[in-house]
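Content type PDB, C-alpha atoms and all ligand atoms, from the file work02.pdb:
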```
ATOM      1  CA  MET A   1      -1.771 -12.684  -6.838
ATOM      2  CA  PRO A   2       0.421  -9.568  -7.045
ATOM      3  CA  LYS A   3      -0.671  -6.627  -4.887
ATOM      4  CA  CYS A   4       0.264  -2.943  -4.958
ATOM      5  CA  LYS A   5       2.017  -1.734  -1.795
ATOM      6  CA  TYR A   6       0.582   1.768  -2.195
ATOM      7  CA  CYS A   7      -3.103   1.085  -2.771
ATOM      8  CA  GLY A   8      -3.531  -2.580  -1.845
ATOM      9  CA  MET A   9      -5.182  -3.502  -5.134
ATOM     10  CA  THR A  10      -4.690  -7.049  -6.353
ATOM     11  CA  PHE A  11      -3.972  -7.816  -9.981
ATOM     12  CA  PRO A  12      -4.384 -10.969 -12.046
ATOM     13  CA  HIS A  13      -0.780 -10.759 -13.225
ATOM     14  CA  MET A  14       2.333  -8.566 -12.879
ATOM     15  CA  THR A  15       1.876  -6.834 -16.229
ATOM     16  CA  ALA A  16      -1.439  -5.346 -15.139
ATOM     17  CA  LEU A  17       0.175  -4.092 -11.919
ATOM     18  CA  THR A  18       3.250  -2.496 -13.497
ATOM     19  CA  CYS A  19       1.311  -0.865 -16.368
ATOM     20  CA  GLY A  20      -1.359   0.874 -14.308
ATOM     21  CA  SER A  21      -1.109   4.270 -12.624
ATOM     22  CA  CYS A  22      -1.722   4.206  -8.873
ATOM     23  CA  GLY A  23      -4.372   6.386  -7.220
ATOM     24  CA  ARG A  24      -2.421   6.303  -3.942
ATOM     25  CA  HIS A  25       1.093   6.797  -5.250
ATOM     26  CA  PRO A  26       3.312   8.629  -2.688
ATOM     27  CA  ASN A  27       4.080  11.376  -5.236
ATOM     28  CA  GLY A  28       0.353  12.044  -5.660
ATOM     29  CA  PRO A  29      -2.669  10.312  -7.189
ATOM     30  CA  HIS A  30      -1.723   8.775 -10.543
ATOM     31  CA  LYS A  31       1.726  10.419 -10.435
ATOM     32  CA  GLY A  32       3.325   7.010 -10.742
ATOM     33  CA  ARG A  33       2.598   3.358 -11.292
ATOM     34  CA  HIS A  34       1.568   0.646  -8.884
ATOM     35  CA  ALA A  35       4.493  -1.010  -7.109
ATOM     36  CA  LEU A  36       4.667  -4.665  -6.143
ATOM     37  CA  TYR A  37       4.154  -5.568  -2.490
ATOM     38  CA  GLU A  38       6.906  -8.105  -1.912
ATOM     39  CA  GLY A  39       5.581  -9.598   1.316
ATOM     40  CA  SER A  40       3.533 -12.754   1.526
ATOM     41  CA  ASP A  41      -0.235 -13.055   1.845
ATOM     42  CA  LYS A  42      -1.213 -12.664   5.481
ATOM     43  CA  ALA A  43      -4.294 -12.946   7.681
ATOM     44  CA  GLN A  44      -3.479  -9.450   8.974
ATOM     45  CA  TYR A  45      -1.324  -6.668   7.593
ATOM     46  CA  VAL A  46       0.788  -4.485   9.896
ATOM     47  CA  CYS A  47       1.830  -0.887   9.240
ATOM     48  CA  LYS A  48       5.631  -0.614   9.242
ATOM     49  CA  TYR A  49       5.465   2.887  10.748
ATOM     50  CA  CYS A  50       2.960   2.583  13.589
ATOM     51  CA  GLY A  51       2.395  -1.152  14.005
ATOM     52  CA  MET A  52      -1.382  -0.978  13.614
ATOM     53  CA  LYS A  53      -2.987  -4.146  12.265
ATOM     54  CA  PHE A  54      -5.521  -4.298   9.440
ATOM     55  CA  PRO A  55      -7.632  -7.098   8.002
ATOM     56  CA  ASN A  56      -6.483  -6.370   4.449
ATOM     57  CA  MET A  57      -4.139  -4.113   2.498
ATOM     58  CA  THR A  58      -6.857  -2.026   0.906
ATOM     59  CA  VAL A  59      -7.977  -0.822   4.345
ATOM     60  CA  LEU A  60      -4.386  -0.278   5.496
ATOM     61  CA  CYS A  61      -3.481   1.791   2.445
ATOM     62  CA  ALA A  62      -6.633   3.931   2.641
ATOM     63  CA  GLN A  63      -6.006   5.452   6.072
ATOM     64  CA  PRO A  64      -3.582   8.173   7.200
ATOM     65  CA  CYS A  65      -0.796   7.100   9.557
ATOM     66  CA  GLY A  66      -0.133   8.911  12.836
ATOM     67  CA  LYS A  67       3.552   7.962  12.672
ATOM     68  CA  HIS A  68       4.233   8.596   9.002
ATOM     69  CA  PRO A  69       7.874   9.687   8.374
ATOM     70  CA  ASN A  70       6.651  12.842   6.581
ATOM     71  CA  GLY A  71       4.709  13.838   9.704
ATOM     72  CA  ALA A  72       1.633  12.646  11.565
ATOM     73  CA  HIS A  73      -1.172  11.938   9.075
ATOM     74  CA  LYS A  74       0.914  13.355   6.198
ATOM     75  CA  GLY A  75       0.805  10.002   4.485
ATOM     76  CA  ARG A  76      -0.912   6.646   4.668
ATOM     77  CA  HIS A  77      -0.007   3.450   6.462
ATOM     78  CA  SER A  78       2.504   1.319   4.607
ATOM     79  CA  PRO A  79       2.540  -2.478   4.851
ATOM     80  CA  ALA A  80       5.462  -4.214   6.557
ATOM     81  CA  LEU A  81       6.728  -7.226   4.607
TER
HETATM   82 ZN    ZN B 101      -1.435   1.051  -6.463
HETATM   83 ZN    ZN B 102       0.725   3.425  10.261
END
```
Structure rendered as structure tokens:
Amino acid sequence: MPKCKYCGMTFPHMTALTCGSCGRHPNGPHKGRHALYEGSDKAQYVCKYCGMKFPNMTVLCAQPCGKHPNGAHKGRHSPAL
């Protein structure tokens, strides 16, 4: 099932993903739409900035990242593909 790379939500189909506004969009809550996570389903998800591992994308996307490119804890973890 398609997942959003910003918030980790899963959607029943692509249309639902691309039509909805994302509460964790990088420009600000609901400042943009969900974006498709293009990686495969995994047992663990790894942050592409800091390498921390998470059991699912929702948890990964909810927490600030100590190595975010905008500055430490200025943004959230982002899933590696
Ligand atoms: Zn989203
Ligand atoms: Zn991180």
Smallest atom-to-atom distance to ligand ZN 102 (chain B): which of A:Ala72, A:Ser40, A:Cys50, A:Val59, using all atoms listed in the file?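 Closest residue, counting all atoms listed in the file: A:Cys50.
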Note to self: Set the distance at 8 Å and use all atoms listed in the file: which residues neighbour Thr58 of chain A once local chain neighbours fewer than 5 positions away are removed? I'd like the list as number ranges by chain.
What the structure shows: A: 7-9
May I ask you to write as a list in words all residues lying at most 10 Å from ligand ZN 102 (chain B), with all atoms listed in the file counted?
-> Val46, Cys47, Lys48, Tyr49, Cys50, Gly51, Met52, Lys53, Phe54, Leu60, Cys61, Gln63, Pro64, Cys65, Gly66, Lys67, His68, Pro69, Ala72, His73, Gly75, Arg76, His77, Ser78, Pro79 and Ala80 of chain A
_Given the PyMOL selection byres (((not hetatm)) within 12 of (chain B and resi 101)) and the file above, list the residues it selects as a ChimeraX atom specification._
/A:2-11,16-37,57-58,61-62,78
Please supply segment 11-42 of chain A, rebuilt with N, CA and C atoms, as a PDB file, in the coordinates of the input.
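What follows is the written file rebuild-v8.pdb:
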```pdb
ATOM      1  N   PHE A  11      -3.974  -7.757  -8.522  1.00  0.00           N
ATOM      2  CA  PHE A  11      -3.972  -7.816  -9.981  1.00  0.00           C
ATOM      3  C   PHE A  11      -3.846  -9.265 -10.430  1.00  0.00           C
ATOM      4  N   PRO A  12      -4.449  -9.584 -11.566  1.00  0.00           N
ATOM      5  CA  PRO A  12      -4.384 -10.969 -12.046  1.00  0.00           C
ATOM      6  C   PRO A  12      -2.972 -11.380 -12.452  1.00  0.00           C
ATOM      7  N   HIS A  13      -2.158 -10.437 -12.872  1.00  0.00           N
ATOM      8  CA  HIS A  13      -0.780 -10.759 -13.225  1.00  0.00           C
ATOM      9  C   HIS A  13       0.067  -9.494 -13.110  1.00  0.00           C
ATOM     10  N   MET A  14       1.396  -9.662 -13.099  1.00  0.00           N
ATOM     11  CA  MET A  14       2.333  -8.566 -12.879  1.00  0.00           C
ATOM     12  C   MET A  14       2.212  -7.457 -13.924  1.00  0.00           C
ATOM     13  N   THR A  15       1.929  -7.836 -15.164  1.00  0.00           N
ATOM     14  CA  THR A  15       1.876  -6.834 -16.229  1.00  0.00           C
ATOM     15  C   THR A  15       0.796  -5.798 -15.936  1.00  0.00           C
ATOM     16  N   ALA A  16      -0.349  -6.267 -15.461  1.00  0.00           N
ATOM     17  CA  ALA A  16      -1.439  -5.346 -15.139  1.00  0.00           C
ATOM     18  C   ALA A  16      -1.021  -4.407 -14.015  1.00  0.00           C
ATOM     19  N   LEU A  17      -0.286  -4.915 -13.035  1.00  0.00           N
ATOM     20  CA  LEU A  17       0.175  -4.092 -11.919  1.00  0.00           C
ATOM     21  C   LEU A  17       1.155  -3.024 -12.405  1.00  0.00           C
ATOM     22  N   THR A  18       2.178  -3.433 -13.147  1.00  0.00           N
ATOM     23  CA  THR A  18       3.250  -2.496 -13.497  1.00  0.00           C
ATOM     24  C   THR A  18       2.823  -1.510 -14.585  1.00  0.00           C
ATOM     25  N   CYS A  19       1.740  -1.772 -15.300  1.00  0.00           N
ATOM     26  CA  CYS A  19       1.311  -0.865 -16.368  1.00  0.00           C
ATOM     27  C   CYS A  19       0.308   0.178 -15.891  1.00  0.00           C
ATOM     28  N   GLY A  20      -0.294  -0.028 -14.733  1.00  0.00           N
ATOM     29  CA  GLY A  20      -1.359   0.874 -14.308  1.00  0.00           C
ATOM     30  C   GLY A  20      -0.854   1.997 -13.422  1.00  0.00           C
ATOM     31  N   SER A  21      -1.467   3.180 -13.525  1.00  0.00           N
ATOM     32  CA  SER A  21      -1.109   4.270 -12.624  1.00  0.00           C
ATOM     33  C   SER A  21      -1.871   4.086 -11.312  1.00  0.00           C
ATOM     34  N   CYS A  22      -1.211   4.498 -10.217  1.00  0.00           N
ATOM     35  CA  CYS A  22      -1.722   4.206  -8.873  1.00  0.00           C
ATOM     36  C   CYS A  22      -2.389   5.440  -8.265  1.00  0.00           C
ATOM     37  N   GLY A  23      -3.627   5.287  -7.838  1.00  0.00           N
ATOM     38  CA  GLY A  23      -4.372   6.386  -7.220  1.00  0.00           C
ATOM     39  C   GLY A  23      -3.853   6.789  -5.858  1.00  0.00           C
ATOM     40  N   ARG A  24      -2.991   5.961  -5.249  1.00  0.00           N
ATOM     41  CA  ARG A  24      -2.421   6.303  -3.942  1.00  0.00           C
ATOM     42  C   ARG A  24      -0.891   6.337  -4.001  1.00  0.00           C
ATOM     43  N   HIS A  25      -0.359   6.701  -5.137  1.00  0.00           N
ATOM     44  CA  HIS A  25       1.093   6.797  -5.250  1.00  0.00           C
ATOM     45  C   HIS A  25       1.618   7.872  -4.303  1.00  0.00           C
ATOM     46  N   PRO A  26       2.779   7.636  -3.646  1.00  0.00           N
ATOM     47  CA  PRO A  26       3.312   8.629  -2.688  1.00  0.00           C
ATOM     48  C   PRO A  26       3.572   9.996  -3.308  1.00  0.00           C
ATOM     49  N   ASN A  27       3.846  10.079  -4.579  1.00  0.00           N
ATOM     50  CA  ASN A  27       4.080  11.376  -5.236  1.00  0.00           C
ATOM     51  C   ASN A  27       2.784  12.116  -5.554  1.00  0.00           C
ATOM     52  N   GLY A  28       1.652  11.451  -5.349  1.00  0.00           N
ATOM     53  CA  GLY A  28       0.353  12.044  -5.660  1.00  0.00           C
ATOM     54  C   GLY A  28      -0.468  11.066  -6.473  1.00  0.00           C
ATOM     55  N   PRO A  29      -1.807  11.243  -6.451  1.00  0.00           N
ATOM     56  CA  PRO A  29      -2.669  10.312  -7.189  1.00  0.00           C
ATOM     57  C   PRO A  29      -2.289  10.240  -8.663  1.00  0.00           C
ATOM     58  N   HIS A  30      -2.044   9.040  -9.134  1.00  0.00           N
ATOM     59  CA  HIS A  30      -1.723   8.775 -10.543  1.00  0.00           C
ATOM     60  C   HIS A  30      -0.462   9.508 -11.015  1.00  0.00           C
ATOM     61  N   LYS A  31       0.430   9.831 -10.080  1.00  0.00           N
ATOM     62  CA  LYS A  31       1.726  10.419 -10.435  1.00  0.00           C
ATOM     63  C   LYS A  31       2.780   9.343 -10.671  1.00  0.00           C
ATOM     64  N   GLY A  32       2.395   8.112 -10.505  1.00  0.00           N
ATOM     65  CA  GLY A  32       3.325   7.010 -10.742  1.00  0.00           C
ATOM     66  C   GLY A  32       2.536   5.715 -10.861  1.00  0.00           C
ATOM     67  N   ARG A  33       3.256   4.649 -11.090  1.00  0.00           N
ATOM     68  CA  ARG A  33       2.598   3.358 -11.292  1.00  0.00           C
ATOM     69  C   ARG A  33       2.527   2.572  -9.990  1.00  0.00           C
ATOM     70  N   HIS A  34       1.639   1.565 -10.005  1.00  0.00           N
ATOM     71  CA  HIS A  34       1.568   0.646  -8.884  1.00  0.00           C
ATOM     72  C   HIS A  34       2.951   0.014  -8.658  1.00  0.00           C
ATOM     73  N   ALA A  35       3.227  -0.347  -7.431  1.00  0.00           N
ATOM     74  CA  ALA A  35       4.493  -1.010  -7.109  1.00  0.00           C
ATOM     75  C   ALA A  35       4.185  -2.314  -6.380  1.00  0.00           C
ATOM     76  N   LEU A  36       4.936  -3.336  -6.702  1.00  0.00           N
ATOM     77  CA  LEU A  36       4.667  -4.665  -6.143  1.00  0.00           C
ATOM     78  C   LEU A  36       4.924  -4.709  -4.633  1.00  0.00           C
ATOM     79  N   TYR A  37       3.961  -5.226  -3.901  1.00  0.00           N
ATOM     80  CA  TYR A  37       4.154  -5.568  -2.490  1.00  0.00           C
ATOM     81  C   TYR A  37       4.875  -6.902  -2.441  1.00  0.00           C
ATOM     82  N   GLU A  38       6.067  -6.909  -1.835  1.00  0.00           N
ATOM     83  CA  GLU A  38       6.906  -8.105  -1.912  1.00  0.00           C
ATOM     84  C   GLU A  38       6.717  -9.063  -0.741  1.00  0.00           C
ATOM     85  N   GLY A  39       5.856  -8.702   0.199  1.00  0.00           N
ATOM     86  CA  GLY A  39       5.581  -9.598   1.316  1.00  0.00           C
ATOM     87  C   GLY A  39       4.637 -10.717   0.896  1.00  0.00           C
ATOM     88  N   SER A  40       4.413 -11.629   1.813  1.00  0.00           N
ATOM     89  CA  SER A  40       3.533 -12.754   1.526  1.00  0.00           C
ATOM     90  C   SER A  40       2.090 -12.394   1.888  1.00  0.00           C
ATOM     91  N   ASP A  41       1.161 -13.213   1.436  1.00  0.00           N
ATOM     92  CA  ASP A  41      -0.235 -13.055   1.845  1.00  0.00           C
ATOM     93  C   ASP A  41      -0.351 -13.349   3.329  1.00  0.00           C
ATOM     94  N   LYS A  42      -1.105 -12.521   4.034  1.00  0.00           N
ATOM     95  CA  LYS A  42      -1.213 -12.664   5.481  1.00  0.00           C
ATOM     96  C   LYS A  42      -2.676 -12.570   5.909  1.00  0.00           C
TER      97      LYS A  42
END
```
